[in-house]
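Raw my_file_25.tsv, TSV, C-alpha atoms:
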chain	number	residue	atom	x	y	z
Q	196	MET	CA	105.47	104.46	127.97
Q	197	HIS	CA	108.47	102.35	126.96
Q	198	ASN	CA	108.84	101.23	123.42
Q	199	HIS	CA	109.37	97.57	122.82
Q	200	PRO	CA	113.12	96.69	122.74
Q	201	LEU	CA	112.39	94.39	119.82
Q	202	ILE	CA	110.99	97.30	117.84
Q	203	SER	CA	113.93	99.65	118.35
Q	204	LYS	CA	116.10	96.85	116.97
Q	205	ALA	CA	113.73	96.43	114.00
Q	206	ARG	CA	114.30	100.00	112.84
Q	207	ASP	CA	117.86	99.14	111.84
Q	208	ASP	CA	116.56	96.47	109.45
Q	209	PHE	CA	114.87	99.05	107.16
Q	210	PRO	CA	117.35	101.00	104.99
Q	211	ILE	CA	114.82	103.71	104.04
Q	212	LEU	CA	114.35	104.75	107.68
Q	213	LYS	CA	117.87	106.23	107.62
Q	214	ARG	CA	116.62	108.90	105.19
Q	215	GLU	CA	116.04	112.50	106.13
Q	216	ILE	CA	113.16	114.51	104.66
Q	217	ASN	CA	113.45	118.30	104.70
Q	218	GLY	CA	116.35	117.97	107.14
Q	219	CYS	CA	114.30	115.88	109.62
Q	220	PRO	CA	114.49	112.13	110.25
Q	221	LEU	CA	111.80	110.27	108.30
Q	222	ALA	CA	108.80	109.32	110.46
Q	223	TYR	CA	106.91	106.96	108.19
Q	224	LEU	CA	103.30	106.74	109.40
Q	225	ASP	CA	101.56	105.61	106.20
Q	226	ASN	CA	101.78	101.84	106.64
Q	227	ALA	CA	98.16	101.26	105.65
Q	228	ALA	CA	99.10	102.44	102.14
Q	229	THR	CA	102.28	100.37	101.94
Q	230	THR	CA	104.92	99.17	104.38
Q	231	GLN	CA	108.66	99.69	104.07
Q	232	LYS	CA	110.88	96.73	103.25
Q	233	PRO	CA	113.54	95.19	105.51
Q	234	LYS	CA	116.99	94.43	104.12
Q	235	SER	CA	116.23	90.69	104.13
Q	236	VAL	CA	113.38	91.21	101.64
Q	237	ILE	CA	115.51	93.42	99.37
Q	238	ASP	CA	118.33	90.85	99.57
Q	239	ALA	CA	115.99	87.97	98.67
Q	240	ILE	CA	114.90	89.76	95.48
Q	241	VAL	CA	118.47	90.67	94.51
Q	242	SER	CA	119.68	87.14	95.25
Q	243	PHE	CA	117.00	85.67	92.98
Q	244	TYR	CA	118.07	87.84	90.04
Q	245	GLU	CA	121.79	87.37	90.72
Q	246	ASN	CA	121.75	83.61	91.30
Q	247	HIS	CA	118.58	81.84	90.19
Q	248	ASN	CA	116.78	83.97	87.59
Q	249	CYS	CA	114.78	81.72	85.30
Q	250	ASN	CA	111.21	80.98	84.29
Q	251	VAL	CA	109.37	78.40	86.36
Q	252	SER	CA	107.85	75.03	85.40
Q	253	ARG	CA	109.29	75.29	81.90
Q	254	GLY	CA	112.79	73.79	81.89
Q	255	VAL	CA	114.49	70.69	83.22
Q	256	TYR	CA	117.88	72.37	83.71
Q	257	THR	CA	119.23	73.38	87.14
Q	258	LEU	CA	118.23	77.08	87.14
Q	259	ALA	CA	114.66	76.22	86.12
Q	260	GLU	CA	114.39	73.69	88.92
Q	261	GLU	CA	115.77	76.19	91.47
Q	262	ALA	CA	113.36	78.92	90.36
Q	263	THR	CA	110.40	76.52	90.53
Q	264	GLU	CA	111.48	75.43	94.00
Q	265	ILE	CA	111.71	79.07	95.19
Q	266	TYR	CA	108.29	79.84	93.73
Q	267	GLU	CA	106.56	76.83	95.27
Q	268	ALA	CA	108.30	77.39	98.63
Q	269	GLY	CA	106.75	80.88	98.57
Q	270	ARG	CA	103.33	79.30	98.03
Q	271	GLU	CA	103.89	77.01	101.05
Q	272	ALA	CA	104.99	79.99	103.17
Q	273	ALA	CA	101.88	82.00	102.21
Q	274	ALA	CA	99.61	79.03	103.01
Q	275	ASN	CA	101.23	78.53	106.43
Q	276	PHE	CA	101.11	82.22	107.26
Q	277	ILE	CA	97.32	82.44	106.85
Q	278	GLY	CA	96.55	79.01	108.29
Q	279	ALA	CA	95.58	77.26	105.03
Q	280	ASP	CA	95.85	73.46	105.09
Q	281	ASP	CA	96.82	73.10	101.44
Q	282	SER	CA	99.21	75.27	99.41
Q	283	GLY	CA	97.16	74.33	96.32
Q	284	SER	CA	94.50	76.76	97.53
Q	285	ILE	CA	96.96	79.69	97.15
Q	286	ILE	CA	96.93	81.59	93.86
Q	287	PHE	CA	99.53	84.30	93.25
Q	288	THR	CA	98.20	87.56	91.78
Q	289	ARG	CA	99.51	91.14	91.56
Q	290	GLY	CA	97.74	92.15	94.78
Q	291	THR	CA	94.47	92.27	96.69
Q	292	THR	CA	92.83	94.22	93.86
Q	293	GLU	CA	93.62	91.58	91.25
Q	294	SER	CA	92.63	88.79	93.66
Q	295	ILE	CA	89.16	90.31	94.13
Q	296	ASN	CA	88.80	90.96	90.39
Q	297	LEU	CA	89.76	87.33	89.79
Q	298	VAL	CA	86.93	86.10	92.03
Q	299	ALA	CA	84.46	88.59	90.52
Q	300	SER	CA	85.31	87.44	87.02
Q	301	ALA	CA	86.19	83.74	87.32
Q	302	TRP	CA	83.74	82.78	90.06
Q	303	GLY	CA	81.15	85.56	89.59
Q	304	ARG	CA	80.54	85.02	85.88
Q	305	LYS	CA	79.63	81.38	86.52
Q	306	ASN	CA	77.63	81.89	89.71
Q	307	PHE	CA	75.66	85.16	89.41
Q	308	LYS	CA	72.41	85.54	87.53
Q	309	ALA	CA	70.01	88.46	87.07
Q	310	GLY	CA	68.28	89.40	90.33
Q	311	ASP	CA	71.07	88.10	92.60
Q	312	ARG	CA	72.55	90.29	95.32
Q	313	ILE	CA	76.01	90.84	96.79
Q	314	ILE	CA	76.38	92.28	100.30
Q	315	LEU	CA	79.25	94.72	100.89
Q	316	THR	CA	79.83	97.03	103.87
Q	317	GLU	CA	79.99	100.81	103.97
Q	318	MET	CA	83.64	100.61	105.07
Q	319	GLU	CA	84.96	98.80	101.98
Q	320	HIS	CA	88.00	99.94	100.02
Q	321	HIS	CA	87.26	100.72	96.36
Q	322	SER	CA	88.99	97.49	95.35
Q	323	ASN	CA	86.24	95.57	97.16
Q	324	ILE	CA	83.46	97.68	95.57
Q	325	VAL	CA	84.36	98.48	91.96
Q	326	PRO	CA	84.99	94.87	90.75
Q	327	TRP	CA	81.52	93.95	92.03
Q	328	GLN	CA	80.00	97.02	90.36
Q	329	LEU	CA	81.54	95.95	87.05
Q	330	ILE	CA	80.11	92.44	87.31
Q	331	ALA	CA	76.77	93.83	88.55
Q	332	GLN	CA	76.43	96.00	85.47
Q	333	THR	CA	76.93	93.09	83.08
Q	334	SER	CA	74.87	90.54	85.06
Q	335	SER	CA	71.99	92.72	86.32
Q	336	ILE	CA	72.72	91.99	89.97
Q	337	GLU	CA	72.39	94.38	92.89
Q	338	LEU	CA	74.90	95.54	95.49
Q	339	VAL	CA	73.48	95.91	99.00
Q	340	TYR	CA	75.41	97.82	101.69
Q	341	TRP	CA	75.58	96.63	105.28
Q	342	PRO	CA	75.56	99.94	107.19
Q	343	ILE	CA	78.07	100.85	109.88
Q	344	SER	CA	77.31	102.41	113.27
Q	345	PRO	CA	78.42	106.04	113.83
Q	346	GLU	CA	81.49	104.66	115.61
Q	347	GLY	CA	82.39	102.46	112.66
Q	348	ARG	CA	81.14	99.04	113.71
Q	349	LEU	CA	79.00	96.41	112.03
Q	350	ASP	CA	75.85	95.17	113.76
Q	351	LEU	CA	75.58	91.40	113.32
Q	352	SER	CA	71.81	91.39	113.83
Q	353	GLU	CA	71.44	93.67	110.79
Q	354	LEU	CA	73.34	91.11	108.73
Q	355	GLU	CA	70.72	88.48	109.56
Q	356	GLU	CA	68.07	90.73	107.98
Q	357	LEU	CA	70.14	91.44	104.87
Q	358	LEU	CA	70.77	87.74	104.14
Q	359	THR	CA	67.76	87.07	101.92
Q	360	ASP	CA	67.56	84.15	99.50
Q	361	SER	CA	68.76	86.31	96.62
Q	362	VAL	CA	72.15	86.99	98.28
Q	363	LYS	CA	74.89	84.98	96.57
Q	364	LEU	CA	78.02	86.49	98.20
Q	365	LEU	CA	79.12	88.53	101.22
Q	366	ALA	CA	82.38	90.46	100.67
Q	367	PHE	CA	83.87	92.49	103.52
Q	368	THR	CA	87.13	93.76	104.98
Q	369	ALA	CA	88.71	92.23	108.07
Q	370	VAL	CA	90.13	95.62	109.14
Q	371	SER	CA	89.01	99.07	107.97
Q	372	ASN	CA	91.82	101.04	106.33
Q	373	VAL	CA	90.31	104.29	107.73
Q	374	LEU	CA	88.57	103.44	111.00
Q	375	GLY	CA	90.99	100.78	112.18
Q	376	SER	CA	88.03	98.66	113.31
Q	377	ILE	CA	88.59	94.91	113.42
Q	378	ASN	CA	85.57	92.96	112.20
Q	379	PRO	CA	84.69	89.58	113.78
Q	380	VAL	CA	85.45	87.55	110.66
Q	381	GLY	CA	84.67	84.11	112.11
Q	382	GLU	CA	81.28	85.15	113.49
Q	383	ILE	CA	80.29	86.97	110.31
Q	384	THR	CA	81.28	83.98	108.17
Q	385	LYS	CA	79.30	81.61	110.39
Q	386	ILE	CA	76.13	83.73	110.04
Q	387	ALA	CA	76.54	83.93	106.24
Q	388	HIS	CA	77.20	80.20	105.91
Q	389	SER	CA	74.12	79.38	108.00
Q	390	ARG	CA	72.18	80.95	105.10
Q	391	GLY	CA	74.31	79.20	102.45
Q	392	VAL	CA	76.09	82.42	101.43
Q	393	PRO	CA	79.82	82.24	100.49
Q	394	VAL	CA	82.19	84.80	102.01
Q	395	LEU	CA	85.13	86.78	100.62
Q	396	VAL	CA	87.45	88.50	103.11
Q	397	ASP	CA	89.63	91.46	102.12
Q	398	ALA	CA	92.62	90.96	104.45
Q	399	ALA	CA	94.84	93.67	102.93
Q	400	GLN	CA	94.89	95.72	106.14
Q	401	ALA	CA	94.72	92.77	108.52
Q	402	VAL	CA	97.61	90.70	107.26
Q	403	SER	CA	100.44	92.67	108.89
Q	404	ARG	CA	98.47	93.58	112.03
Q	405	MET	CA	96.84	90.43	113.41
Q	406	PRO	CA	96.88	86.64	113.03
Q	407	ILE	CA	94.98	85.36	109.97
Q	408	ASP	CA	93.30	81.97	110.22
Q	409	VAL	CA	91.44	80.95	107.06
Q	410	ALA	CA	90.78	77.44	108.36
Q	411	GLY	CA	89.33	78.71	111.66
Q	412	TRP	CA	87.42	81.52	109.97
Q	413	ASN	CA	86.16	79.06	107.35
Q	414	CYS	CA	85.92	81.83	104.71
Q	415	ASP	CA	85.56	80.81	101.07
Q	416	PHE	CA	87.97	83.42	99.66
Q	417	LEU	CA	90.61	85.67	101.23
Q	418	ALA	CA	92.83	88.24	99.53
Q	419	PHE	CA	95.93	90.16	100.59
Q	420	SER	CA	98.92	92.06	99.13
Q	421	GLY	CA	102.61	91.50	99.72
Q	422	HIS	CA	103.43	95.19	99.91
Q	423	LYS	CA	101.19	95.66	102.98
Q	424	VAL	CA	103.12	93.00	104.89
Q	425	TYR	CA	106.71	94.30	104.50
Q	426	GLY	CA	107.06	92.49	101.16
Q	427	PRO	CA	107.45	93.71	97.57
Q	428	THR	CA	104.85	95.42	95.40
Q	429	GLY	CA	103.27	93.53	92.50
Q	430	ILE	CA	102.58	90.33	94.44
Q	431	GLY	CA	99.31	89.29	96.04
Q	432	VAL	CA	97.60	86.19	97.28
Q	433	LEU	CA	94.14	84.79	96.70
Q	434	TYR	CA	93.20	81.95	99.01
Q	435	ALA	CA	90.16	79.96	97.90
Q	436	LYS	CA	88.63	76.73	99.12
Q	437	LYS	CA	89.41	73.88	96.75
Q	438	GLU	CA	85.74	73.29	95.83
Q	439	ARG	CA	85.40	76.98	94.89
Q	440	LEU	CA	88.47	76.82	92.65
Q	441	GLU	CA	87.12	73.75	90.89
Q	442	GLY	CA	83.94	75.62	90.00
Q	443	MET	CA	85.78	78.60	88.48
Q	444	ALA	CA	86.60	79.47	84.90
Q	445	PRO	CA	90.11	80.75	84.07
Q	446	PHE	CA	90.65	84.46	84.68
Q	447	GLN	CA	93.26	84.92	81.94
Q	448	GLY	CA	94.44	82.68	79.13
Q	449	GLY	CA	98.05	82.00	78.16
Q	450	GLY	CA	101.03	79.82	78.88
Q	451	GLY	CA	101.30	77.84	82.09
Q	452	MET	CA	97.55	77.52	82.73
Q	453	ILE	CA	96.78	74.95	80.04
Q	454	ARG	CA	96.70	71.20	79.75
Q	455	GLN	CA	96.21	70.93	75.99
Q	456	VAL	CA	95.79	73.61	73.31
Q	457	GLU	CA	94.07	72.79	70.03
Q	458	ARG	CA	93.14	75.13	67.20
Q	459	GLN	CA	89.63	75.97	68.38
Q	460	SER	CA	89.67	75.13	72.07
Q	461	SER	CA	91.85	74.20	75.02
Q	462	THR	CA	91.71	72.32	78.31
Q	463	TRP	CA	93.05	73.73	81.57
Q	464	ALA	CA	95.65	72.76	84.12
Q	465	GLU	CA	94.48	72.08	87.67
Q	466	ALA	CA	94.26	74.94	90.17
Q	467	PRO	CA	96.30	76.89	91.19
Q	468	GLN	CA	98.15	76.84	87.83
Q	469	LYS	CA	94.82	77.32	86.02
Q	470	PHE	CA	94.73	80.90	87.39
Q	471	GLU	CA	98.40	81.81	86.88
Q	472	ALA	CA	98.77	82.48	83.16
Q	473	GLY	CA	102.10	83.73	81.86
Q	474	THR	CA	105.44	84.17	83.59
Q	475	PRO	CA	104.74	84.55	87.30
Q	476	PRO	CA	106.36	87.13	89.62
Q	477	VAL	CA	109.04	84.72	90.89
Q	478	ALA	CA	111.40	87.35	92.34
Q	479	GLU	CA	108.46	88.99	94.14
Q	480	VAL	CA	107.44	85.63	95.59
Q	481	ALA	CA	110.99	85.21	96.93
Q	482	GLY	CA	110.63	88.66	98.51
Q	483	LEU	CA	107.19	87.83	99.94
Q	484	LYS	CA	108.52	84.64	101.54
Q	485	ALA	CA	111.37	86.63	103.14
Q	486	ALA	CA	108.83	89.18	104.44
Q	487	LEU	CA	106.63	86.50	106.02
Q	488	GLU	CA	109.72	84.96	107.64
Q	489	TYR	CA	110.75	88.39	108.91
Q	490	ILE	CA	107.35	88.86	110.59
Q	491	GLU	CA	107.52	85.38	112.12
Q	492	GLN	CA	110.87	86.26	113.64
Q	493	TYR	CA	109.09	88.95	115.71
Q	494	GLY	CA	105.75	87.18	115.99
Q	495	ILE	CA	102.49	88.65	114.70
Q	496	GLN	CA	101.10	88.78	118.27
Q	497	GLU	CA	104.05	90.94	119.37
Q	498	ILE	CA	103.52	93.27	116.42
Q	499	GLN	CA	99.80	93.44	117.22
Q	500	ARG	CA	100.60	94.31	120.85
Q	501	HIS	CA	103.09	96.99	119.78
Q	502	GLU	CA	100.60	98.59	117.38
Q	503	GLN	CA	97.96	98.53	120.06
Q	504	GLU	CA	100.28	100.45	122.42
Q	505	LEU	CA	100.88	103.06	119.70
Q	506	THR	CA	97.12	103.29	119.05
Q	507	VAL	CA	96.35	103.76	122.76
Q	508	HIS	CA	99.03	106.46	122.94
Q	509	SER	CA	97.62	108.27	119.87
Q	510	LEU	CA	93.98	108.14	120.95
Q	511	LYS	CA	94.89	109.40	124.41
Q	512	ILE	CA	96.67	112.47	122.99
Q	513	LEU	CA	94.09	113.03	120.24
Q	514	SER	CA	91.26	113.10	122.75
Q	515	GLU	CA	93.00	115.91	124.67
Q	516	PHE	CA	92.49	118.33	121.75
Q	517	PRO	CA	88.98	119.79	121.49
Q	518	ASP	CA	89.58	120.80	117.86
Q	519	LEU	CA	90.29	117.24	116.66
Q	520	GLU	CA	87.63	114.86	115.35
Q	521	ILE	CA	88.62	111.18	115.63
Q	522	TYR	CA	86.94	108.48	113.51
Q	523	GLY	CA	86.44	104.83	114.38
Q	524	PRO	CA	85.88	102.82	117.56
Q	525	LYS	CA	86.90	104.27	120.92
Q	526	ASP	CA	87.26	100.78	122.39
Q	527	ILE	CA	90.85	99.73	121.85
Q	528	HIS	CA	90.18	95.97	121.84
Q	529	ASN	CA	88.48	95.98	118.46
Q	530	ARG	CA	90.83	98.42	116.88
Q	531	THR	CA	94.22	98.27	115.25
Q	532	GLY	CA	97.01	100.68	114.29
Q	533	VAL	CA	95.09	102.89	111.86
Q	534	VAL	CA	93.93	106.24	113.25
Q	535	SER	CA	92.08	108.83	111.13
Q	536	PHE	CA	91.24	112.34	112.27
Q	537	ASN	CA	90.56	115.88	111.14
Q	538	LEU	CA	91.71	119.19	112.55
Q	539	ASN	CA	88.71	121.53	112.61
Q	540	ASN	CA	88.59	124.03	109.75
Q	541	ILE	CA	91.85	122.84	108.17
Q	542	HIS	CA	91.76	120.61	105.08
Q	543	ALA	CA	93.38	117.20	105.51
Q	544	HIS	CA	95.81	117.88	102.63
Q	545	ASP	CA	97.05	121.07	104.29
Q	546	VAL	CA	97.68	119.20	107.53
Q	547	ALA	CA	99.62	116.48	105.68
Q	548	GLN	CA	101.74	119.07	103.91
Q	549	VAL	CA	102.75	120.78	107.15
Q	550	LEU	CA	103.63	117.39	108.65
Q	551	ASP	CA	105.77	116.57	105.61
Q	552	GLU	CA	107.84	119.70	106.27
Q	553	ARG	CA	108.88	117.96	109.52
Q	554	GLY	CA	109.64	114.65	107.79
Q	555	ILE	CA	106.37	113.04	108.93
Q	556	ALA	CA	104.62	110.95	106.27
Q	557	VAL	CA	100.85	110.53	106.72
Q	558	ARG	CA	98.08	110.03	104.18
Q	559	ALA	CA	95.39	112.63	103.54
Q	560	GLY	CA	92.31	112.20	101.35
Q	561	HIS	CA	89.49	109.68	101.05
Q	562	HIS	CA	91.87	106.65	101.18
Q	563	CYS	CA	89.95	104.89	98.39
Q	564	THR	CA	86.83	104.77	100.59
Q	565	GLN	CA	84.49	107.42	99.19
Q	566	VAL	CA	81.36	105.50	100.28
Q	567	LEU	CA	82.70	105.51	103.86
Q	568	HIS	CA	83.67	109.19	103.77
Q	569	GLU	CA	80.22	110.08	102.49
Q	570	ARG	CA	78.82	108.12	105.46
Q	571	LEU	CA	81.13	110.02	107.84
Q	572	GLY	CA	80.03	113.29	106.22
Q	573	VAL	CA	83.56	114.51	105.42
Q	574	PRO	CA	85.38	114.74	102.08
Q	575	ALA	CA	88.77	113.68	103.50
Q	576	THR	CA	90.64	112.65	106.65
Q	577	VAL	CA	94.23	112.64	107.86
Q	578	ARG	CA	95.36	109.08	108.54
Q	579	MET	CA	98.30	107.82	110.49
Q	580	SER	CA	98.92	104.08	110.36
Q	581	PHE	CA	101.59	102.22	112.27
Q	582	GLY	CA	104.09	99.53	111.45
Q	583	LEU	CA	106.41	97.44	113.54
Q	584	TYR	CA	109.21	100.06	113.28
Q	585	ASN	CA	107.20	103.03	114.57
Q	586	ASP	CA	107.55	104.38	118.10
Q	587	THR	CA	105.77	106.81	120.41
Q	588	SER	CA	108.33	109.58	119.82
Q	589	GLU	CA	107.19	109.79	116.17
Q	590	ILE	CA	103.59	110.20	117.28
Q	591	ASP	CA	104.63	112.92	119.74
Q	592	SER	CA	106.47	114.74	116.92
Q	593	LEU	CA	103.30	114.56	114.82
Q	594	PHE	CA	101.23	116.20	117.56
Q	595	LYS	CA	103.81	118.95	118.00
Q	596	ALA	CA	103.70	119.59	114.26
Q	597	LEU	CA	99.90	119.96	114.43
Q	598	ASP	CA	100.49	123.12	116.47
Q	599	ARG	CA	102.39	124.49	113.50
Q	600	ALA	CA	99.39	123.70	111.25
Q	601	ARG	CA	97.12	125.58	113.63
Q	602	GLU	CA	99.48	128.60	113.60
Q	603	ILE	CA	99.62	128.72	109.82
Q	604	PHE	CA	95.95	128.17	109.01
Q	605	LEU	CA	93.98	129.43	111.98
Q	606	TYR	CA	95.76	132.45	113.42
So, in terms of structure tokens, how does the structure I just supplied come out?
Amino acid sequence: MHNHPLISKARDDFPILKREINGCPLAYLDNAATTQKPKSVIDAIVSFYENHNCNVSRGVYTLAEEATEIYEAGREAAANFIGADDSGSIIFTRGTTESINLVASAWGRKNFKAGDRIILTEMEHHSNIVPWQLIAQTSSIELVYWPISPEGRLDLSELEELLTDSVKLLAFTAVSNVLGSINPVGEITKIAHSRGVPVLVDAAQAVSRMPIDVAGWNCDFLAFSGHKVYGPTGIGVLYAKKERLEGMAPFQGGGGMIRQVERQSSTWAEAPQKFEAGTPPVAEVAGLKAALEYIEQYGIQEIQRHEQELTVHSLKILSEFPDLEIYGPKDIHNRTGVVSFNLNNIHAHDVAQVLDERGIAVRAGHHCTQVLHERLGVPATVRMSFGLYNDTSEIDSLFKALDRAREIFLY
């Protein structure tokens, strides 16, 4: 199978891929955890600090105006990238985790009462479970889990049964960070809305792998992180419908989110500023904008197609080994570039360590999805996850290195 010419060119854009690990070229296959950064993103961050560094919305001098312009241009870019009509519905956070905590706290505190329920799925990442547990403990509400099929899919007819009158929110991931399954976000949202239930989508895994369309999906909230989409760490996005934002209390208090401060009480700025207390991550926003532009240069559909080719290639080879257990859907059309497996009788961490000796970076463990791993009946899995700079030769090297793991641990 030929690798995409576009992709072989992309490799040169990522300085870290020139590194060697243990004398071998780095094969970075842990993109579900974080993606590497192209030179254009690194340059955007450096350029901000070298040429425009200043706080935003505070000063009337030139640097302050430039910094504010860079920051708000980043908000526009994020809105366009996910198909939002209005950049005012974009709130900058530190990442998906903070975005979900913001909704749990600022929206949840005002909207949940004792006896209410939240529906989650068994494939959620801990950052879409624990914030709801925290609010559930203080508000006496119950978390209900939408079960997955043995192959890692959600059954929409089961959702209909779960949507009782006491359900006040459905929160689910667009793409599983372990199974690679792509959930039908638009259909799920439509079913929830037909029962008057708002929807939060965790798009952390989806954002670099497939087109995101908040307007088409009609979800109420959507969260993602810059570092999963070839951008910097420490920057995330929360999209929320305007009417949801208006009904939310501030998440944090401080400068920048106020209209008027008096001794005993204050009034708030309009959203999104209402939710962005303190000095925002302006340099990170500059980096995020550069990352989104970088992806658009290749086209998210092209990247999706490339990852699908790598996934097909991996599943084909994986299925040839009788001693490998693969998790997630077998059907490639509802699956993206995240492939988790186990080698019989060898712990996932041992496999990852042997691969690292050959310069191959994969994740081993429960991937912040202990509920899912309990459902799968295994304590840990080995996960390879692809990015736009990966190619089939790296996957082939990984499979060769598995032979070495077998030699060490089984013979």
Sel. within 12 Å of pt (121.0, 81.7, 87.2), counting all atoms listed in the file, output as JSON, numbers by chain:
{"Q": [241, 242, 243, 244, 245, 246, 247, 248, 249, 250, 256, 257, 258, 259, 260, 261, 262]}
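With distances restricted to all atoms listed in the file, Q:Leu593 is the closest residue to Q:Leu221 from Q:Ala466, Q:Leu583, Q:Leu365, Q:Leu593.
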Residues within 8 Å of (77.6, 101.5, 99.5), file coords, only C-alpha atoms, listed as a list of chain:residue names
Q:Leu315, Q:Thr316, Q:Glu317, Q:Leu338, Q:Val339, Q:Tyr340, Q:Trp341, Q:Val566, Q:Leu567
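Between Q:Gln499 and the candidates Q:Ile295, Q:Val577, Q:Val402, Q:Ala435, the tightest atom-to-atom separation, counting all atoms listed in the file, involves Q:Val402.
Near stretch 450-462 of chain Q, within 7 Å and counting all atoms listed in the file, sit Gln468, Lys469, Phe470, Glu471, Ala472 and Gly473 of chain Q; same-chain residues fewer than 6 positions away were not included.
As for atom CA of Q:Pro427 and atom CA of Q:Ala486, they are spaced 8.3 Å apart.
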Interface rows for stretch 536-580 of chain Q against stretch 374-387 of chain Q: nearest pair, Å to one decimal, 10 Å, all atoms listed in the file, as CSV:
residue,atom,partner,partner_atom,distance
Q:Phe536,CA,Q:Leu374,CA,9.4
Q:Leu567,CA,Q:Leu374,CA,9.5
Q:Arg578,CA,Q:Leu374,CA,9.2
Q:Ser580,CA,Q:Gly375,CA,8.8
